[in-house]
Amino acid sequence: MKISLNWLSNYIDVEEFKKDTEQLSVILTSAGLEVDGIEDMAKDLNHVVVGQIKTLDSHPDADKLTLCQVDVGQEGLQQIICGAKNHKAGDRVVVALPGAVLPGNFKIKKSKIRGVESLGMLCSDSELGFAEDSEGIRILPEDAPVGQAFADYSGLDDIVFNLSVTSNRADCLSHLGLARELSCILNRPLKNIENSYEKYNFKTSDTIKVELKDNEKCPRYMALLIKDVKVEESPAWLKSYLKNVDVNSVNNVVDITNYVMLEYGQPMHAFDLKHLEGSQINIQSLTEKTEFVSLDGTKYELDNNELAICDSRKVVALAGIVGGQNSGISESTQNLVLEVAHFKQKPVRKTSRALGIDTDSSYRFSRGTDINEMPSVVARAAHLIEGLCGGKVSGEVIDCYPNKITKKDITVEFAYVSERLGYSINGTEFVGWMKRLGCEVIKQDEASVTVQAPSWRHDIEIKEDLVEEHCRLNGYDKIPETLPPLSYEPLKHDASYLQNKHTYQFFAKQGFHQAVNYNFVNKSTNSEFIGDVQAFKDCGFIVGDQEVLLQNPLSEEYNMMRPSLFASLFKNVLTNYRSGLNSSKIFELGRVFADGETGYKESNHIGLVSWGKTVNLWTQTSSPQVLHLKAVMENFLTSLKAKSWSWKKWDSKVAFMHPARTATLFFQGKNVGYITELHPKIKQDYKIREDVAFAEFNSDLLMQGFPRKPKVTEVSKYPAVERDFSFVVDKAVVSDEIKTFIQKSEKKLIVKVEVIDSYSGEKLPADKHSLTYRVLFQDKEKTLTEDIIKKMHSEILNKVQEKFQ
Amino acid sequence: MLEEKVKLIFDSAHKAMQEAADSKTLYDCKVKFIGKSGELSLLMKEMGSLPKEQRPEFGKVVNKYKKMLEEHYQVCEQNLKMAELNQQIKDDALDLTLPGPTQDLGSVHPIPMVIDEIVTILSRLGYSVKSGPLIEKEWYNFEALNVPEDHPARDEQDTFYLKPGYVLRTQTSPVQIHTMETEKPPLRVLSPGSVFRCDSDISHSPNFHQIEGLLIDKKVSMADLKGTIYFFVKEFFDKDVKIRFRPSFFPFTEPSAEVDCSCPICKGKGCSMCKQTGWVEIGGCGLVNPKVLSSANIDPDQWQGFAFGFGIERMAIIKYGITDIRLFSDNNSFFLKQFS
C-alpha cells in the first residue's frame with residue numbers, strides 16, 4: 001500500500017515527518033505496519049525550477065545550438081545553451097541549475113560549450129526521468145509560475161511510504177484509514193473532509209430501479225444519480241496525487257472513484273446511465289453461464305454462482321471485482337450512476353481467485369470494508385464530481401440496507417489483560433486506548449470493560465484482540481522478559497530426531513558431506529532412472545500405486561514428490577562432478593513418498609553416494625566404490641549395536657542400478673535397502689568417467705529399536721592369536737560363505753574372521769579365485785597353546801576344503 | 001707358557017671384538033674365543049697337562065681373561081648397537097611434509113546443524129522435538145490454525161496442492177495440532193522441518209525449513225514468550241545482540257509479534273544483509289489463538305499457550321553471512337566442506 005505524505009496531510013497533521021521520515025517509519029513499524037520503503041519523489045529535482053526563455057539566439061560557433069537567456073526567478077537571467085529545437089522565446093521551461101543531480105546521477109555544472117558559458121540545462125522528460133524517451137525539451141503551460149521549484153509545481157514534493165499491511169488490517173488500506181491509525185497513536189485530531197454538494201431536486205429512484213436480490217453477499221448497496229457531467233482529463237493536482245501512488249489517470253470521473261477509494265478504502269464504481277438497459281440495477285448471484293467482458297477487454301465465462309451487478313439484460317460488473325466494458329464511463333458519458341456497496345469478503349475473494357482477477361477493489365473487499373462509512377463516501381464522491389466534472393447531483397441517494405449489521409460486545413477484565421501481557425495494566429489507561437481506537441464503551445466498572453469495536457476494525461472480535469491492541473499501542477517494548485517455570489516433566493524427543501542426529505553425525509565423521517535436497521523431483525527423469533517404482537518393494541521401500549504428483553508445480557523440474565533419494569543425489573553428483581570434484585562422498589537423510597490405498601505415506605530414508613578413486617600416496621589400488629559404501633554401512637550398523645545382517649545379491653530391475661553389482665541389506669528379518677553401482681549406460685550417457693556407488697535404506701526399518709544399549713561382556717585376560725587361511729575355490733563361492741562357515745566352525749574361540757586378500761588371474765584357472773582369511777582366536781578361560789591352535793588350524797582347513805573345494 | 005698363550009688369545013680376541021663392524025661379526029668373535037668350544041675353552045682342556053698344583057692358578061687366569069673378554073664383548077655390543085641405532089635413525093629420515101593416508105572430513109549440512117543448535121538451546125528449557133508429515137491434510141495446515149477457506153491469509157502462503165484435501169505443509173505449525181491431539185498439556189514442543197511455498201526467487205526457495213515452538217500451560221503471558229525468545233536468540237547469535245518485538249498478524253496467534261534482531265553482521269550499523277536498517281527479521285510468534293486450542297480439543301478457558309516460528313535458512317544466512325539461498329540446495333561439496 002502506497003501512502004503519500006502530502007495526501008495524508010489532508011486528514012491529519014504530519015508536517016513534521018516530511019523532514020523526519022525515519023521517525024514516522026518507526027511509529028508505523030511499532031504499530032504493526034511494516035514500512036517496506038520510503039520514496040522521496042523530489043529527490044532528483046533539487047535545483048530544478050520553472051523558467052521562462054526571454055531571448056533566444058543561435059550559438060555563435062554552432063548552428064545546431066541555441067543560446068537562451070532564461071529568467072529563473074530569484075537568480076534572475078541565466079545564459080543557457082540548449083540543443084533542442086522545440087522551444088522559442090517566451091516559453092516556460094524546466095531549468096536544471098548548477099548543483100542539480102538529475103536521474104542517472106547526471107550532475108549539472110557551470111560549463112563552457114564551444115567557448116560560450118552555459119549556466120544550466122533546459123530539461124526534456126527523459127532527462128527528468130519521466131519518460132524513457134522524449135523529443136525536445138518540456139514546454140510548460142503559460143501559467144507556470146516562473147522561479148517556482150519544479151517539484152512543487154509538478155506535485156512531486158512528496159514522500160511516499162510503501163507499507164506492508166497485514167491481511168487483518170484492511171482499515172489501513174487507505175489514506176484516511178492510516179490517518180485514523182496515526183490519530184490514535186499520536187493522539188492528534190483528524191481534519192474534516194469536505195463532502196457537501198448541491199442536492200438537485202430529482203430522484204435517483206425515478207430514473208433507475210435498484211434491486212438487492214442477494215443481501216447475503218451484499219448487505220448494503222448505495223446508488224446515486226449524477227446528471228450532466230463533463231468527462232475530461234483530470235486536473236493536474238488529481239493526476240499527480242494518483243501518479244505518486246502509482247495509479248494511472250483515466251478521466252476525471254474514474255480518477256475520482258479511484259481517489260475516493262484511496263482516500264476511504266472503499267472501492268466504488270460509476271456506470272454510464274445510458275448503458276444500463278431497462279434502467280435497472282440488480283445485485284444478484286448468477287445462476288447460469290454468462291459471458292462477461294471486463295473493462296480491459298478480457299473475456300470471462302461466469303458460471304460459479306458469482307455475485308454480479310446486472311441491468312435488465314446483461315452483467316454490467318462483477319461485484320466488487322471489476323466493471324464491465326459495456327457500461328463504463330467514457331467521454332460520451334453525460335449521466336452516471338455511482339455505486340458504493342458493501343460486498344462480503346469471502347465471495348469476492350472466491351470469485352477473484354477463481355477467475356484470477358486481482359484488482360484494487362477486490363483486494364479491499366476481500367479484506368473487508370467499512371459498512372458504516374458508505375454514506376460519507378457517496379457524499380465525498382458527489383462533492384468531487386460536482387466540483388471537477390460539473391455534474392448535477394440527485395437529492396436522493398438510494399440506500400439498500402435491509403439488515404443492519406451491528407458489532408458484538410466484547411467484555412474483558414483488566415486482570416486478564418495484565419495476566420496475558422505479563423505486566424500490570426491500568427484500567428483507565430486501557431479504556432483510554434480503546435476509546436482512541438474508536439471503540440464504543442458500552443459498560444465499565446473497576447475490574448472490566450465492555451466495548452464495541454469500530455466498524456472499520458473487522459479483526460477485533462474477541463477479548464484477545466483487545467489484549468493485542470493494548471499491547472501494540474502501549475508498545476511491545478513495555479513487555480518484560482520472564483522465563484516460564486518448568487513444573488512438569490519434559491516429553492521425550494521423537495525417535496526420528498535422535499535417529500537422524502546419530503546418523504548425520506556418523507556419516508559426517510566417515511567423510512561424507514550431508515546434502516539437503518528438495519523433496520520434489522522431475523517425474524520424467526525420475527522414471528528414466530527408476531523405471532517401475534514397484535521394483536523398490538523388494539528392498540523394503542514403501543511403494544504406492546500412483547506417483548505423488550503436485551497439482552500446481554512451480555516448474556516441470558519439480559513436479560512430483562520423490563519415491564527415492566536417488567534422483568536428488570544423482571543431481572548432486574552431477575553438480576559436484578561438473579564443478580571439478582572427481583571424487584567425493586555425499587549422504588542425505590530425507591523423506592520419500594508414496595500414494596497407496598490408505599492415502600499418502602512417508603518414510604525416512606538414508607541415501608549415500610560416493611564416486612571417484614580413493615587412491616592416495618600410500619594406497620595404490622582403489623577399492624570398488626560399492627564395497628566402500630558397504631564397509632561404511634557395516635560400521636554404521638555396528639554403531640546401531642546391530643549384531644548380524646547380510647547382503648543378498650539382487651537381480652534388480654531398477655534402471656539406474658548395475659545389474660551385476662547390486663545387493664540388498666537383510667536386517668532383522670527384512671530387506672531394508674540396497675547398495676549398487678551406477679549402471680554403466682547411465683555413466684556413459686552423463687559422461688561420468690568415475691565409478692559411482694549408491695546406497696539407500698529405509699531408516700524407519702533400519703533404525704527400529706534405536707538407541708540400543710551396548711551389551712557389555714567381560715574381556716578375556718588371555719591373549720588373542722591370529723592365523724591366516726588361504727583357499728582356492730570356484731568363483732561361484734562368495735567370500736561371505738566361507739567366512740560364515742569358519743565362524744560357525746568354532747563359535748567359542750573365534751572372535752573375528754575377515755577377508756584380507758582376494759585374487760583371480762593368470763596364476764589360477766579362469767573359474768577359480770583365491771581367498772585369504774585372517775582369523776582371531778581367543779579363549780576366555782585359558783591361554784591358547786600352540787598345540788590347540790595348530791589343531792584348530794588344521795581342522796578349519798580340512799573342513800573348508802571338504803566343503804568348498 | 002700356557003699363560004702366554006692365554007694372553008695371546010686374549011689380545012687377538014680383544015682386538016677382533018674391538019674391530020668387529022657389526023653385531024654378527026662381533027658375535028662370531030664371541031663364539032670363536034669365549035664360546036663353549038671357543039679358543040679359551042679349548043685351552044682349558046689343555047689344563048690337564050699342567051701339574052696339579054698349578055691348575056687352580058691357571059684356571060683363575062683363564063677365567064679372569066674370559067671374564068674380561070665377556071665384559072669387553074658387552075661393551076662392544078653396546079657400542080655397535082648404539083652405532084646401528086644411530087644409523088637406523090639416520091636412514092629413517094622422513095619428509096614430514098608428505099601427506100598422511102588421511103580421509104577427508106565430512107560435514108553436517110548447515111540446515112540440520114542450525115536445527116540442532118536451536119534444539120540444544122531450547123531443550124535446556126524443557127522443549128522436546130516432535131515431527132509430522134510433510135504432506136498434510138488441508139485442515140491441519142489451515143482450518144485448524146484459524147485460516148478458514150477464502151481467508152486472505154491463505155494468499156500469503158502460496159500453497160502446493162496434491163489430491164483434493166491435501167497440501168504440502170506451508171508451515172511447521174500443523175505439528176502443533178498433531179501434538180496437542182496426542183499429548184496432554186502442559187507441554188513444550190519443537191517441530192523443525194521442511195515446509196513448502198510455490199514461490200521461488202533469489203531470496204525464496206520453494207522447499208525451505210522452519211522450526212516451530214509451542215508451549216501450553218495454565219497461565220502463559222507475552223512476557224514469558226518474550227523472555228523465552230530473548231534467551232534463545234541471544235544464545236544462538238551472541239549475548240550482545242539486540243532484539244525487538246514488532247506487532248504483526250498471524251491467524252493462529254493473538255497477540256502476534258514479528259521478531260527482529262540487530263544485524264549480527266554489521267552489529268546494527270547497516271549493511272546489505274539488513275538492507276541498511278540495522279535490523280534483520282528472524283521469525284514470528286504470539287500467544288496461541290483460543291480458536292486454535294479449540295481445534296485441537298484443548299479447552300481455551302483452562303489452557304493458554306504461546307508459539308513461535310523461525311526460518312532455518314534465515315537463521316543460517318544471518319549467522320554465517322551466506323548471501324545466496326540457492327547454496328543450501330545446490331549441495332556443492334565446496335560449500336558444504338566449510339561446515340566440516
# chains A, B, ... in the order shown; residues from 1 in each chain; ligands from 1

call {"tool": "residues_around", "arguments": {"residues": "Phe249 of chain B", "least_positions_apart": "3", "cutoff": "7 Å", "atoms": "only C-alpha atoms", "output": "list in words"}}
result
Thr166 and Asn168 of chain A; Ser256 of chain B

call {"tool": "write_last_selection", "arguments": {"atoms": "N, CA and C atoms", "output": "compact mmCIF listing (two decimals), in the first residue's frame"}}
result
# COMPACT_ATOMS: atom_id res chain seq x y z
N THR A 166 -0.71 -6.09 6.91
CA THR A 166 -1.09 -7.49 7.13
C THR A 166 -2.59 -7.66 6.82
N ASN A 168 -5.11 -8.62 8.24
CA ASN A 168 -6.15 -8.27 9.22
C ASN A 168 -6.45 -6.77 9.25
N SER B 256 0.20 -11.13 18.17
CA SER B 256 1.27 -11.68 17.36
C SER B 256 2.42 -10.70 17.31

call {"tool": "select_by_dssp", "arguments": {"residues": "segment 37-145 of chain B", "states": "strand (DSSP E)", "output": "PyMOL selection string"}}
result
chain B and resi 128-129+135-137

call {"tool": "residues_around", "arguments": {"residues": "segment 141-158 of chain B", "least_positions_apart": "3", "cutoff": "8 Å", "atoms": "only C-alpha atoms", "output": "PyMOL selection string"}}
result
(chain A and resi 167+346-347+349-350+366-367) or (chain B and resi 136-138+167+169-171+173-174+177+197-199+251-252+291-292+295-296)

call {"tool": "closest_atom_pairs", "arguments": {"of": "chain B", "to": "chain A", "cutoff": "7 Å", "atoms": "only C-alpha atoms", "output": "JSON lines"}}
result
{"residue": "B:Pro101", "atom": "CA", "partner": "A:Trp618", "partner_atom": "CA", "distance": 6.0}
{"residue": "B:Gln103", "atom": "CA", "partner": "A:Gly511", "partner_atom": "CA", "distance": 6.5}
{"residue": "B:Asp104", "atom": "CA", "partner": "A:Gly511", "partner_atom": "CA", "distance": 5.5}
{"residue": "B:Leu105", "atom": "CA", "partner": "A:Gly511", "partner_atom": "CA", "distance": 4.5}
{"residue": "B:Gly106", "atom": "CA", "partner": "A:Gly511", "partner_atom": "CA", "distance": 3.6}
{"residue": "B:Ser107", "atom": "CA", "partner": "A:His513", "partner_atom": "CA", "distance": 4.6}
{"residue": "B:Val108", "atom": "CA", "partner": "A:Gln514", "partner_atom": "CA", "distance": 5.2}
{"residue": "B:His109", "atom": "CA", "partner": "A:Gln514", "partner_atom": "CA", "distance": 5.0}
{"residue": "B:Gly126", "atom": "CA", "partner": "A:Pro490", "partner_atom": "CA", "distance": 5.2}
{"residue": "B:Tyr127", "atom": "CA", "partner": "A:Pro490", "partner_atom": "CA", "distance": 6.5}
{"residue": "B:Ser128", "atom": "CA", "partner": "A:His493", "partner_atom": "CA", "distance": 4.8}
{"residue": "B:Val129", "atom": "CA", "partner": "A:His493", "partner_atom": "CA", "distance": 4.7}
{"residue": "B:Lys130", "atom": "CA", "partner": "A:Asp494", "partner_atom": "CA", "distance": 5.2}
{"residue": "B:Ser131", "atom": "CA", "partner": "A:Asp494", "partner_atom": "CA", "distance": 6.8}
{"residue": "B:Asp150", "atom": "CA", "partner": "A:Lys346", "partner_atom": "CA", "distance": 5.4}
{"residue": "B:His151", "atom": "CA", "partner": "A:Lys346", "partner_atom": "CA", "distance": 7.0}
{"residue": "B:Pro152", "atom": "CA", "partner": "A:Ser167", "partner_atom": "CA", "distance": 6.2}
{"residue": "B:Ala153", "atom": "CA", "partner": "A:Ser167", "partner_atom": "CA", "distance": 6.0}
{"residue": "B:Phe160", "atom": "CA", "partner": "A:Asn552", "partner_atom": "CA", "distance": 6.0}
{"residue": "B:Tyr161", "atom": "CA", "partner": "A:Gln551", "partner_atom": "CA", "distance": 5.3}
{"residue": "B:Leu162", "atom": "CA", "partner": "A:Leu550", "partner_atom": "CA", "distance": 5.0}
{"residue": "B:Cys198", "atom": "CA", "partner": "A:Leu554", "partner_atom": "CA", "distance": 5.9}
{"residue": "B:Asn207", "atom": "CA", "partner": "A:Tyr518", "partner_atom": "CA", "distance": 5.8}
{"residue": "B:Val220", "atom": "CA", "partner": "A:Arg420", "partner_atom": "CA", "distance": 6.5}
{"residue": "B:Ser221", "atom": "CA", "partner": "A:Arg420", "partner_atom": "CA", "distance": 4.3}
{"residue": "B:Met222", "atom": "CA", "partner": "A:Leu421", "partner_atom": "CA", "distance": 4.7}
{"residue": "B:Ala223", "atom": "CA", "partner": "A:Gly422", "partner_atom": "CA", "distance": 4.8}
{"residue": "B:Asp224", "atom": "CA", "partner": "A:Thr482", "partner_atom": "CA", "distance": 4.9}
{"residue": "B:Lys226", "atom": "CA", "partner": "A:Glu481", "partner_atom": "CA", "distance": 5.3}
{"residue": "B:Gly227", "atom": "CA", "partner": "A:Glu481", "partner_atom": "CA", "distance": 3.9}
{"residue": "B:Thr228", "atom": "CA", "partner": "A:Leu483", "partner_atom": "CA", "distance": 5.8}
{"residue": "B:Phe245", "atom": "CA", "partner": "A:Tyr476", "partner_atom": "CA", "distance": 5.9}
{"residue": "B:Arg246", "atom": "CA", "partner": "A:Ser30", "partner_atom": "CA", "distance": 5.6}
{"residue": "B:Pro247", "atom": "CA", "partner": "A:Gly32", "partner_atom": "CA", "distance": 4.3}
{"residue": "B:Ser248", "atom": "CA", "partner": "A:Gly32", "partner_atom": "CA", "distance": 5.1}
{"residue": "B:Phe249", "atom": "CA", "partner": "A:Thr166", "partner_atom": "CA", "distance": 6.1}
{"residue": "B:Glu254", "atom": "CA", "partner": "A:Glu464", "partner_atom": "CA", "distance": 6.1}
{"residue": "B:Pro255", "atom": "CA", "partner": "A:Glu468", "partner_atom": "CA", "distance": 4.5}
{"residue": "B:Ser329", "atom": "CA", "partner": "A:Asn517", "partner_atom": "CA", "distance": 5.4}
{"residue": "B:Asn331", "atom": "CA", "partner": "A:Ala515", "partner_atom": "CA", "distance": 5.3}
{"residue": "B:Asn332", "atom": "CA", "partner": "A:Asn576", "partner_atom": "CA", "distance": 5.6}
{"residue": "B:Ser333", "atom": "CA", "partner": "A:Asn576", "partner_atom": "CA", "distance": 6.5}
{"residue": "B:Leu336", "atom": "CA", "partner": "A:His513", "partner_atom": "CA", "distance": 6.4}

call {"tool": "select_by_dssp", "arguments": {"residues": "segment 136-302 of chain B", "states": "helix (DSSP H, G or I)", "output": "ChimeraX atom specification"}}
result
/B:138-141,143-145,152-156,174-182,222-236,290-295

call {"tool": "residues_around", "arguments": {"residues": "segment 276-285 of chain A", "least_positions_apart": "5", "cutoff": "6 Å", "atoms": "only C-alpha atoms", "output": "count of residues only"}}
result
15

call {"tool": "atom_distance", "arguments": {"atom1": "atom CA of Gln18 of chain B", "atom2": "atom CA of Leu85 of chain B"}}
result
18.1 Å

call {"tool": "atom_distance", "arguments": {"atom1": "atom CA of Ala100 of chain A", "atom2": "atom CA of Pro145 of chain A"}}
result
19.5 Å

call {"tool": "atom_distance", "arguments": {"atom1": "atom CA of Phe656 of chain A", "atom2": "atom CA of Leu637 of chain A"}}
result
25.1 Å

call {"tool": "decode", "arguments": {"residues": "segment 742-760 of chain A", "atoms": "N, CA and C atoms", "output": "tab-separated table (two decimals), in the first residue's frame"}}
result
chain	number	residue	atom	x	y	z
A	742	ILE	N	33.49	-70.54	8.54
A	742	ILE	CA	34.59	-70.56	9.52
A	742	ILE	C	34.08	-70.12	10.89
A	743	GLN	N	33.31	-69.04	10.89
A	743	GLN	CA	32.79	-68.53	12.15
A	743	GLN	C	32.02	-69.60	12.92
A	744	LYS	N	31.21	-70.34	12.14
A	744	LYS	CA	30.37	-71.34	12.80
A	744	LYS	C	31.18	-72.55	13.25
A	745	SER	N	32.33	-72.78	12.62
A	745	SER	CA	33.08	-74.00	12.89
A	745	SER	C	33.62	-74.03	14.33
A	746	GLU	N	33.85	-72.92	14.91
A	746	GLU	CA	34.44	-72.92	16.26
A	746	GLU	C	33.92	-71.69	17.00
A	747	LYS	N	32.61	-71.68	17.24
A	747	LYS	CA	31.96	-70.48	17.76
A	747	LYS	C	32.62	-69.94	19.03
A	748	LYS	N	33.05	-70.87	19.87
A	748	LYS	CA	33.50	-70.44	21.19
A	748	LYS	C	34.80	-69.64	21.14
A	749	LEU	N	35.70	-70.07	20.25
A	749	LEU	CA	37.04	-69.50	20.31
A	749	LEU	C	37.33	-68.45	19.22
A	750	ILE	N	36.50	-68.44	18.17
A	750	ILE	CA	36.78	-67.47	17.10
A	750	ILE	C	36.11	-66.14	17.42
A	751	VAL	N	36.92	-65.10	17.50
A	751	VAL	CA	36.43	-63.79	17.86
A	751	VAL	C	36.05	-63.02	16.59
A	752	LYS	N	36.85	-63.21	15.54
A	752	LYS	CA	36.64	-62.38	14.35
A	752	LYS	C	37.21	-63.10	13.14
A	753	VAL	N	36.52	-62.99	12.00
A	753	VAL	CA	37.05	-63.50	10.74
A	753	VAL	C	36.97	-62.38	9.73
A	754	GLU	N	38.10	-62.11	9.05
A	754	GLU	CA	37.99	-61.10	8.00
A	754	GLU	C	38.74	-61.54	6.75
A	755	VAL	N	38.23	-61.06	5.61
A	755	VAL	CA	38.89	-61.39	4.34
A	755	VAL	C	40.02	-60.40	4.16
A	756	ILE	N	41.26	-60.92	4.00
A	756	ILE	CA	42.35	-59.97	3.83
A	756	ILE	C	42.93	-59.98	2.43
A	757	ASP	N	42.54	-60.98	1.62
A	757	ASP	CA	43.01	-60.94	0.24
A	757	ASP	C	42.05	-61.71	-0.64
A	758	SER	N	41.92	-61.24	-1.86
A	758	SER	CA	41.12	-61.96	-2.84
A	758	SER	C	41.85	-61.83	-4.16
A	759	TYR	N	42.04	-62.97	-4.87
A	759	TYR	CA	42.81	-62.92	-6.11
A	759	TYR	C	42.17	-63.80	-7.17
A	760	SER	N	42.12	-63.29	-8.37
A	760	SER	CA	41.81	-64.15	-9.50
A	760	SER	C	42.64	-63.60	-10.65
